[in-house]
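> Hey, dropping input.pdb in here, PDB, N, CA, C and O atoms:
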ATOM      1  N   MET A   1     211.364  64.549 162.300
ATOM      2  CA  MET A   1     210.376  65.420 162.881
ATOM      3  C   MET A   1     209.259  65.629 161.866
ATOM      4  O   MET A   1     209.510  65.831 160.686
ATOM      5  N   ILE A   2     208.051  65.587 162.362
ATOM      6  CA  ILE A   2     206.872  65.846 161.539
ATOM      7  C   ILE A   2     206.370  67.232 161.923
ATOM      8  O   ILE A   2     206.134  67.519 163.092
ATOM      9  N   ARG A   3     206.224  68.090 160.910
ATOM     10  CA  ARG A   3     205.872  69.478 161.167
ATOM     11  C   ARG A   3     204.945  70.013 160.096
ATOM     12  O   ARG A   3     204.611  69.304 159.161
ATOM     13  N   LYS A   4     204.523  71.259 160.259
ATOM     14  CA  LYS A   4     203.764  71.938 159.213
ATOM     15  C   LYS A   4     204.312  73.347 159.064
ATOM     16  O   LYS A   4     204.894  73.902 160.000
ATOM     17  N   PRO A   5     204.127  73.949 157.908
ATOM     18  CA  PRO A   5     204.600  75.314 157.678
ATOM     19  C   PRO A   5     203.898  76.304 158.618
ATOM     20  O   PRO A   5     202.723  76.151 158.935
ATOM     21  N   GLY A   6     204.653  77.303 159.067
ATOM     22  CA  GLY A   6     204.088  78.363 159.890
ATOM     23  C   GLY A   6     203.848  77.992 161.340
ATOM     24  O   GLY A   6     203.200  78.743 162.064
ATOM     25  N   CYS A   7     204.359  76.880 161.785
ATOM     26  CA  CYS A   7     204.146  76.392 163.155
ATOM     27  C   CYS A   7     205.308  76.840 164.044
ATOM     28  O   CYS A   7     206.434  76.380 163.867
ATOM     29  N   HIS A   8     205.041  77.728 165.000
ATOM     30  CA  HIS A   8     206.126  78.216 165.864
ATOM     31  C   HIS A   8     206.664  77.128 166.782
ATOM     32  O   HIS A   8     207.848  77.097 167.085
ATOM     33  N   LEU A   9     205.814  76.213 167.231
ATOM     34  CA  LEU A   9     206.307  75.096 168.047
ATOM     35  C   LEU A   9     207.230  74.196 167.222
ATOM     36  O   LEU A   9     208.205  73.665 167.738
ATOM     37  N   CYS A  10     206.918  74.055 165.940
ATOM     38  CA  CYS A  10     207.761  73.258 165.038
ATOM     39  C   CYS A  10     209.130  73.912 164.895
ATOM     40  O   CYS A  10     210.154  73.224 164.900
ATOM     41  N   ASP A  11     209.146  75.227 164.760
ATOM     42  CA  ASP A  11     210.415  75.951 164.656
ATOM     43  C   ASP A  11     211.248  75.762 165.920
ATOM     44  O   ASP A  11     212.459  75.528 165.849
ATOM     45  N   ASP A  12     210.601  75.852 167.080
ATOM     46  CA  ASP A  12     211.300  75.650 168.351
ATOM     47  C   ASP A  12     211.857  74.231 168.447
ATOM     48  O   ASP A  12     213.004  74.027 168.856
ATOM     49  N   ALA A  13     211.039  73.250 168.067
ATOM     50  CA  ALA A  13     211.475  71.848 168.109
ATOM     51  C   ALA A  13     212.644  71.620 167.171
ATOM     52  O   ALA A  13     213.613  70.934 167.524
ATOM     53  N   GLN A  14     212.579  72.197 165.992
ATOM     54  CA  GLN A  14     213.643  72.021 165.017
ATOM     55  C   GLN A  14     214.969  72.562 165.543
ATOM     56  O   GLN A  14     216.016  71.958 165.335
ATOM     57  N   THR A  15     214.929  73.672 166.241
ATOM     58  CA  THR A  15     216.146  74.243 166.824
ATOM     59  C   THR A  15     216.794  73.263 167.788
ATOM     60  O   THR A  15     218.008  73.039 167.750
ATOM     61  N   VAL A  16     215.996  72.656 168.657
ATOM     62  CA  VAL A  16     216.509  71.691 169.628
ATOM     63  C   VAL A  16     217.047  70.452 168.910
ATOM     64  O   VAL A  16     218.141  69.969 169.218
ATOM     65  N   ILE A  17     216.300  69.952 167.950
ATOM     66  CA  ILE A  17     216.708  68.754 167.219
ATOM     67  C   ILE A  17     218.015  69.001 166.470
ATOM     68  O   ILE A  17     218.929  68.165 166.515
ATOM     69  N   GLN A  18     218.123  70.124 165.792
ATOM     70  CA  GLN A  18     219.351  70.450 165.066
ATOM     71  C   GLN A  18     220.543  70.502 166.007
ATOM     72  O   GLN A  18     221.617  69.994 165.695
ATOM     73  N   LYS A  19     220.359  71.097 167.161
ATOM     74  CA  LYS A  19     221.446  71.209 168.140
ATOM     75  C   LYS A  19     221.881  69.837 168.630
ATOM     76  O   LYS A  19     223.052  69.485 168.568
ATOM     77  N   VAL A  20     220.923  69.055 169.115
ATOM     78  CA  VAL A  20     221.242  67.753 169.707
ATOM     79  C   VAL A  20     221.798  66.798 168.647
ATOM     80  O   VAL A  20     222.836  66.164 168.863
ATOM     81  N   CYS A  21     221.141  66.707 167.520
ATOM     82  CA  CYS A  21     221.601  65.797 166.468
ATOM     83  C   CYS A  21     222.952  66.236 165.916
ATOM     84  O   CYS A  21     223.806  65.392 165.613
ATOM     85  N   GLY A  22     223.165  67.529 165.814
ATOM     86  CA  GLY A  22     224.448  68.040 165.359
ATOM     87  C   GLY A  22     225.570  67.679 166.312
ATOM     88  O   GLY A  22     226.644  67.246 165.891
ATOM     89  N   GLU A  23     225.319  67.836 167.593
ATOM     90  CA  GLU A  23     226.330  67.512 168.604
ATOM     91  C   GLU A  23     226.628  66.022 168.646
ATOM     92  O   GLU A  23     227.770  65.622 168.873
ATOM     93  N   LEU A  24     225.596  65.194 168.442
ATOM     94  CA  LEU A  24     225.777  63.742 168.522
ATOM     95  C   LEU A  24     226.117  63.112 167.176
ATOM     96  O   LEU A  24     226.416  61.913 167.117
ATOM     97  N   GLY A  25     226.048  63.892 166.113
ATOM     98  CA  GLY A  25     226.322  63.342 164.787
ATOM     99  C   GLY A  25     225.247  62.385 164.299
ATOM    100  O   GLY A  25     225.516  61.443 163.565
ATOM    101  N   VAL A  26     224.013  62.637 164.717
ATOM    102  CA  VAL A  26     222.881  61.782 164.354
ATOM    103  C   VAL A  26     222.123  62.426 163.198
ATOM    104  O   VAL A  26     221.712  63.585 163.304
ATOM    105  N   PRO A  27     221.930  61.695 162.096
ATOM    106  CA  PRO A  27     221.146  62.265 160.996
ATOM    107  C   PRO A  27     219.670  62.364 161.378
ATOM    108  O   PRO A  27     219.179  61.580 162.193
ATOM    109  N   TRP A  28     218.991  63.324 160.782
ATOM    110  CA  TRP A  28     217.558  63.471 161.039
ATOM    111  C   TRP A  28     216.907  64.043 159.797
ATOM    112  O   TRP A  28     217.572  64.551 158.911
ATOM    113  N   GLU A  29     215.590  63.918 159.744
ATOM    114  CA  GLU A  29     214.855  64.472 158.612
ATOM    115  C   GLU A  29     213.547  65.053 159.117
ATOM    116  O   GLU A  29     213.087  64.724 160.202
ATOM    117  N   GLN A  30     212.990  65.918 158.308
ATOM    118  CA  GLN A  30     211.686  66.473 158.643
ATOM    119  C   GLN A  30     210.700  66.158 157.530
ATOM    120  O   GLN A  30     211.085  66.035 156.379
ATOM    121  N   LYS A  31     209.459  65.989 157.928
ATOM    122  CA  LYS A  31     208.387  65.732 156.983
ATOM    123  C   LYS A  31     207.288  66.752 157.213
ATOM    124  O   LYS A  31     206.984  67.097 158.346
ATOM    125  N   ASP A  32     206.704  67.194 156.118
ATOM    126  CA  ASP A  32     205.638  68.189 156.155
ATOM    127  C   ASP A  32     204.296  67.461 156.220
ATOM    128  O   ASP A  32     203.925  66.740 155.297
ATOM    129  N   ILE A  33     203.584  67.665 157.298
ATOM    130  CA  ILE A  33     202.316  66.983 157.520
ATOM    131  C   ILE A  33     201.272  67.353 156.461
ATOM    132  O   ILE A  33     200.356  66.586 156.191
ATOM    133  N   THR A  34     201.441  68.514 155.844
ATOM    134  CA  THR A  34     200.477  68.934 154.820
ATOM    135  C   THR A  34     200.724  68.234 153.484
ATOM    136  O   THR A  34     199.900  68.341 152.581
ATOM    137  N   GLN A  35     201.827  67.529 153.363
ATOM    138  CA  GLN A  35     202.173  66.840 152.122
ATOM    139  C   GLN A  35     201.976  65.329 152.191
ATOM    140  O   GLN A  35     202.282  64.620 151.239
ATOM    141  N   ASP A  36     201.494  64.830 153.325
ATOM    142  CA  ASP A  36     201.351  63.387 153.519
ATOM    143  C   ASP A  36     200.032  63.100 154.234
ATOM    144  O   ASP A  36     199.879  63.408 155.417
ATOM    145  N   GLU A  37     199.096  62.518 153.512
ATOM    146  CA  GLU A  37     197.761  62.275 154.056
ATOM    147  C   GLU A  37     197.770  61.397 155.304
ATOM    148  O   GLU A  37     197.050  61.650 156.274
ATOM    149  N   GLU A  38     198.585  60.359 155.302
ATOM    150  CA  GLU A  38     198.640  59.438 156.447
ATOM    151  C   GLU A  38     199.200  60.137 157.683
ATOM    152  O   GLU A  38     198.656  60.001 158.779
ATOM    153  N   LEU A  39     200.282  60.873 157.519
ATOM    154  CA  LEU A  39     200.837  61.618 158.651
ATOM    155  C   LEU A  39     199.833  62.642 159.151
ATOM    156  O   LEU A  39     199.693  62.842 160.359
ATOM    157  N   ASN A  40     199.130  63.284 158.243
ATOM    158  CA  ASN A  40     198.120  64.262 158.611
ATOM    159  C   ASN A  40     197.045  63.619 159.483
ATOM    160  O   ASN A  40     196.689  64.144 160.539
ATOM    161  N   ARG A  41     196.535  62.480 159.050
ATOM    162  CA  ARG A  41     195.506  61.780 159.840
ATOM    163  C   ARG A  41     196.031  61.358 161.206
ATOM    164  O   ARG A  41     195.347  61.471 162.220
ATOM    165  N   GLN A  42     197.246  60.866 161.224
ATOM    166  CA  GLN A  42     197.795  60.288 162.448
ATOM    167  C   GLN A  42     198.240  61.328 163.474
ATOM    168  O   GLN A  42     198.062  61.129 164.674
ATOM    169  N   TYR A  43     198.809  62.446 163.015
ATOM    170  CA  TYR A  43     199.475  63.349 163.950
ATOM    171  C   TYR A  43     198.974  64.789 163.965
ATOM    172  O   TYR A  43     199.545  65.623 164.668
ATOM    173  N   TRP A  44     197.940  65.126 163.197
ATOM    174  CA  TRP A  44     197.534  66.519 163.033
ATOM    175  C   TRP A  44     197.456  67.300 164.347
ATOM    176  O   TRP A  44     197.911  68.421 164.443
ATOM    177  N   GLU A  45     196.897  66.727 165.376
ATOM    178  CA  GLU A  45     196.686  67.458 166.627
ATOM    179  C   GLU A  45     197.895  67.441 167.549
ATOM    180  O   GLU A  45     197.844  68.008 168.632
ATOM    181  N   GLN A  46     198.980  66.797 167.125
ATOM    182  CA  GLN A  46     200.134  66.670 168.010
ATOM    183  C   GLN A  46     201.388  67.378 167.499
ATOM    184  O   GLN A  46     202.397  67.365 168.191
ATOM    185  N   ILE A  47     201.353  67.965 166.333
ATOM    186  CA  ILE A  47     202.595  68.486 165.772
ATOM    187  C   ILE A  47     203.193  69.618 166.606
ATOM    188  O   ILE A  47     202.446  70.358 167.234
ATOM    189  N   PRO A  48     204.483  69.740 166.633
ATOM    190  CA  PRO A  48     205.429  68.855 165.994
ATOM    191  C   PRO A  48     205.535  67.522 166.720
ATOM    192  O   PRO A  48     205.373  67.454 167.941
ATOM    193  N   VAL A  49     205.813  66.497 165.967
ATOM    194  CA  VAL A  49     206.001  65.152 166.508
ATOM    195  C   VAL A  49     207.428  64.724 166.198
ATOM    196  O   VAL A  49     207.904  64.914 165.081
ATOM    197  N   VAL A  50     208.085  64.151 167.191
ATOM    198  CA  VAL A  50     209.439  63.646 167.004
ATOM    199  C   VAL A  50     209.402  62.135 167.118
ATOM    200  O   VAL A  50     208.870  61.591 168.096
ATOM    201  N   LEU A  51     209.924  61.478 166.097
ATOM    202  CA  LEU A  51     210.042  60.026 166.094
ATOM    203  C   LEU A  51     211.509  59.669 166.276
ATOM    204  O   LEU A  51     212.381  60.306 165.690
ATOM    205  N   VAL A  52     211.774  58.655 167.081
ATOM    206  CA  VAL A  52     213.124  58.130 167.239
ATOM    207  C   VAL A  52     213.050  56.651 166.887
ATOM    208  O   VAL A  52     212.276  55.906 167.488
ATOM    209  N   ASP A  53     213.806  56.267 165.875
ATOM    210  CA  ASP A  53     213.777  54.895 165.368
ATOM    211  C   ASP A  53     212.363  54.458 164.999
ATOM    212  O   ASP A  53     211.956  53.330 165.270
ATOM    213  N   GLY A  54     211.589  55.370 164.435
ATOM    214  CA  GLY A  54     210.249  55.065 163.951
ATOM    215  C   GLY A  54     209.155  55.083 164.994
ATOM    216  O   GLY A  54     207.981  54.946 164.670
ATOM    217  N   ALA A  55     209.511  55.273 166.260
ATOM    218  CA  ALA A  55     208.516  55.305 167.340
ATOM    219  C   ALA A  55     208.370  56.742 167.848
ATOM    220  O   ALA A  55     209.351  57.487 167.920
ATOM    221  N   GLN A  56     207.164  57.108 168.216
ATOM    222  CA  GLN A  56     206.931  58.466 168.712
ATOM    223  C   GLN A  56     207.695  58.689 170.009
ATOM    224  O   GLN A  56     207.535  57.950 170.979
ATOM    225  N   HIS A  57     208.513  59.710 170.005
ATOM    226  CA  HIS A  57     209.314  60.074 171.180
ATOM    227  C   HIS A  57     208.613  61.165 171.984
ATOM    228  O   HIS A  57     208.531  61.095 173.202
ATOM    229  N   THR A  58     208.120  62.179 171.283
ATOM    230  CA  THR A  58     207.462  63.298 171.954
ATOM    231  C   THR A  58     206.631  64.087 170.951
ATOM    232  O   THR A  58     206.717  63.852 169.750
ATOM    233  N   PHE A  59     205.841  65.002 171.456
ATOM    234  CA  PHE A  59     205.108  65.931 170.598
ATOM    235  C   PHE A  59     204.978  67.266 171.314
ATOM    236  O   PHE A  59     205.242  67.367 172.504
ATOM    237  N   TRP A  60     204.621  68.303 170.563
ATOM    238  CA  TRP A  60     204.482  69.693 170.987
ATOM    239  C   TRP A  60     205.807  70.329 171.378
ATOM    240  O   TRP A  60     206.271  71.222 170.728
ATOM    241  N   ARG A  61     206.416  69.890 172.450
ATOM    242  CA  ARG A  61     207.677  70.488 172.900
ATOM    243  C   ARG A  61     208.746  69.398 173.023
ATOM    244  O   ARG A  61     208.467  68.300 173.470
ATOM    245  N   VAL A  62     209.971  69.755 172.649
ATOM    246  CA  VAL A  62     211.074  68.800 172.688
ATOM    247  C   VAL A  62     211.998  69.167 173.841
ATOM    248  O   VAL A  62     212.512  70.279 173.901
ATOM    249  N   ASN A  63     212.192  68.222 174.750
ATOM    250  CA  ASN A  63     213.107  68.411 175.866
ATOM    251  C   ASN A  63     214.495  67.978 175.416
ATOM    252  O   ASN A  63     214.701  66.823 175.036
ATOM    253  N   GLU A  64     215.434  68.912 175.449
ATOM    254  CA  GLU A  64     216.778  68.651 174.936
ATOM    255  C   GLU A  64     217.442  67.458 175.620
ATOM    256  O   GLU A  64     218.003  66.582 174.953
ATOM    257  N   GLU A  65     217.408  67.395 176.923
ATOM    258  CA  GLU A  65     218.080  66.308 177.644
ATOM    259  C   GLU A  65     217.411  64.956 177.389
ATOM    260  O   GLU A  65     218.085  63.936 177.244
ATOM    261  N   ARG A  66     216.100  64.951 177.323
ATOM    262  CA  ARG A  66     215.383  63.698 177.057
ATOM    263  C   ARG A  66     215.694  63.192 175.646
ATOM    264  O   ARG A  66     215.906  61.991 175.443
ATOM    265  N   LEU A  67     215.768  64.095 174.682
ATOM    266  CA  LEU A  67     216.107  63.699 173.319
ATOM    267  C   LEU A  67     217.543  63.193 173.262
ATOM    268  O   LEU A  67     217.828  62.170 172.644
ATOM    269  N   ARG A  68     218.444  63.889 173.914
ATOM    270  CA  ARG A  68     219.841  63.486 173.945
ATOM    271  C   ARG A  68     219.974  62.066 174.514
ATOM    272  O   ARG A  68     220.695  61.231 173.974
ATOM    273  N   LYS A  69     219.267  61.806 175.579
ATOM    274  CA  LYS A  69     219.303  60.481 176.214
ATOM    275  C   LYS A  69     218.755  59.411 175.268
ATOM    276  O   LYS A  69     219.312  58.314 175.153
ATOM    277  N   ALA A  70     217.680  59.712 174.564
ATOM    278  CA  ALA A  70     217.066  58.745 173.636
ATOM    279  C   ALA A  70     217.995  58.443 172.456
ATOM    280  O   ALA A  70     217.945  57.341 171.903
ATOM    281  N   LEU A  71     218.822  59.405 172.075
ATOM    282  CA  LEU A  71     219.689  59.228 170.924
ATOM    283  C   LEU A  71     221.084  58.694 171.289
ATOM    284  O   LEU A  71     221.870  58.370 170.417
ATOM    285  N   SER A  72     221.384  58.646 172.567
ATOM    286  CA  SER A  72     222.712  58.197 173.012
ATOM    287  C   SER A  72     222.786  56.703 173.188
ATOM    288  O   SER A  72     221.844  56.025 173.395
TER     289      SER A  72
END
Could you spell out this file's structure in structure tokens?

Amino acid sequence: MIRKPGCHLCDDAQTVIQKVCGELGVPWEQKDITQDEELNRQYWEQIPVVLVDGAQHTFWRVNEERLRKALS
């Protein structure tokens, strides 16, 4: 997940990601958009952004069932 500090949508997305990945045993990581110039240029207006296998899965809001399906 690509996020920035103080982002309430990022916090909401992280909750869903932690739940789904925890249940499925899928590792995940988060990156801070303010610490990476390329991510900042690419995704600034879409955060939070969720990537699955390196491809953009969703942005702004994370649908639990859709994420679960993508990771299964």
> In chain A, what's strand (DSSP E) per DSSP? Answer as an MDAnalysis selection string?
chainID A and resid 2:3 31:32 49:52 55:59
> Residues around (208.6, 68.0, 171.2), cut-off 7 Å, counting all atoms listed in the file - what are they as an MDAnalysis selection string?
chainID A and resid 9 13 46 48:50 57:63
> Where does the PyMOL selection byres ((chain A and resi 30-38) around 7) land in this file, that is, which residues does it pick, as a short mmCIF file (atom, residue, chain, number, x, y, z; two decimals) with N, CA, C and O atoms, in the coordinates of the input?

data_model
loop_
_atom_site.label_atom_id
_atom_site.label_comp_id
_atom_site.auth_asym_id
_atom_site.auth_seq_id
_atom_site.Cartn_x
_atom_site.Cartn_y
_atom_site.Cartn_z
N MET A 1 211.36 64.55 162.30
CA MET A 1 210.38 65.42 162.88
C MET A 1 209.26 65.63 161.87
O MET A 1 209.51 65.83 160.69
N ILE A 2 208.05 65.59 162.36
CA ILE A 2 206.87 65.85 161.54
C ILE A 2 206.37 67.23 161.92
O ILE A 2 206.13 67.52 163.09
N ARG A 3 206.22 68.09 160.91
CA ARG A 3 205.87 69.48 161.17
C ARG A 3 204.94 70.01 160.10
O ARG A 3 204.61 69.30 159.16
N LYS A 4 204.52 71.26 160.26
CA LYS A 4 203.76 71.94 159.21
C LYS A 4 204.31 73.35 159.06
O LYS A 4 204.89 73.90 160.00
N PRO A 5 204.13 73.95 157.91
CA PRO A 5 204.60 75.31 157.68
C PRO A 5 203.90 76.30 158.62
O PRO A 5 202.72 76.15 158.94
N TRP A 28 218.99 63.32 160.78
CA TRP A 28 217.56 63.47 161.04
C TRP A 28 216.91 64.04 159.80
O TRP A 28 217.57 64.55 158.91
N GLU A 29 215.59 63.92 159.74
CA GLU A 29 214.86 64.47 158.61
C GLU A 29 213.55 65.05 159.12
O GLU A 29 213.09 64.72 160.20
N LEU A 39 200.28 60.87 157.52
CA LEU A 39 200.84 61.62 158.65
C LEU A 39 199.83 62.64 159.15
O LEU A 39 199.69 62.84 160.36
N ASN A 40 199.13 63.28 158.24
CA ASN A 40 198.12 64.26 158.61
C ASN A 40 197.04 63.62 159.48
O ASN A 40 196.69 64.14 160.54
N ARG A 41 196.54 62.48 159.05
CA ARG A 41 195.51 61.78 159.84
C ARG A 41 196.03 61.36 161.21
O ARG A 41 195.35 61.47 162.22
N GLN A 42 197.25 60.87 161.22
CA GLN A 42 197.80 60.29 162.45
C GLN A 42 198.24 61.33 163.47
O GLN A 42 198.06 61.13 164.67
N TYR A 43 198.81 62.45 163.01
CA TYR A 43 199.48 63.35 163.95
C TYR A 43 198.97 64.79 163.96
O TYR A 43 199.54 65.62 164.67
N TRP A 44 197.94 65.13 163.20
CA TRP A 44 197.53 66.52 163.03
C TRP A 44 197.46 67.30 164.35
O TRP A 44 197.91 68.42 164.44
#
> Grab the CA of Cys10 (chain A) to atom C of Glu23 (chain A) distance for me, in Å with one decimal place.
20.5 Å
> Around region 7-26 of chain A, with edges along x, y and z and 4 Å added on all six sides, what centre and edge lengths do you get, in Å to one decimal, as AutoDock Vina command-line options?

--center_x 216.0 --center_y 69.8 --center_z 165.7 --size_x 31.6 --size_y 24.8 --size_z 15.9
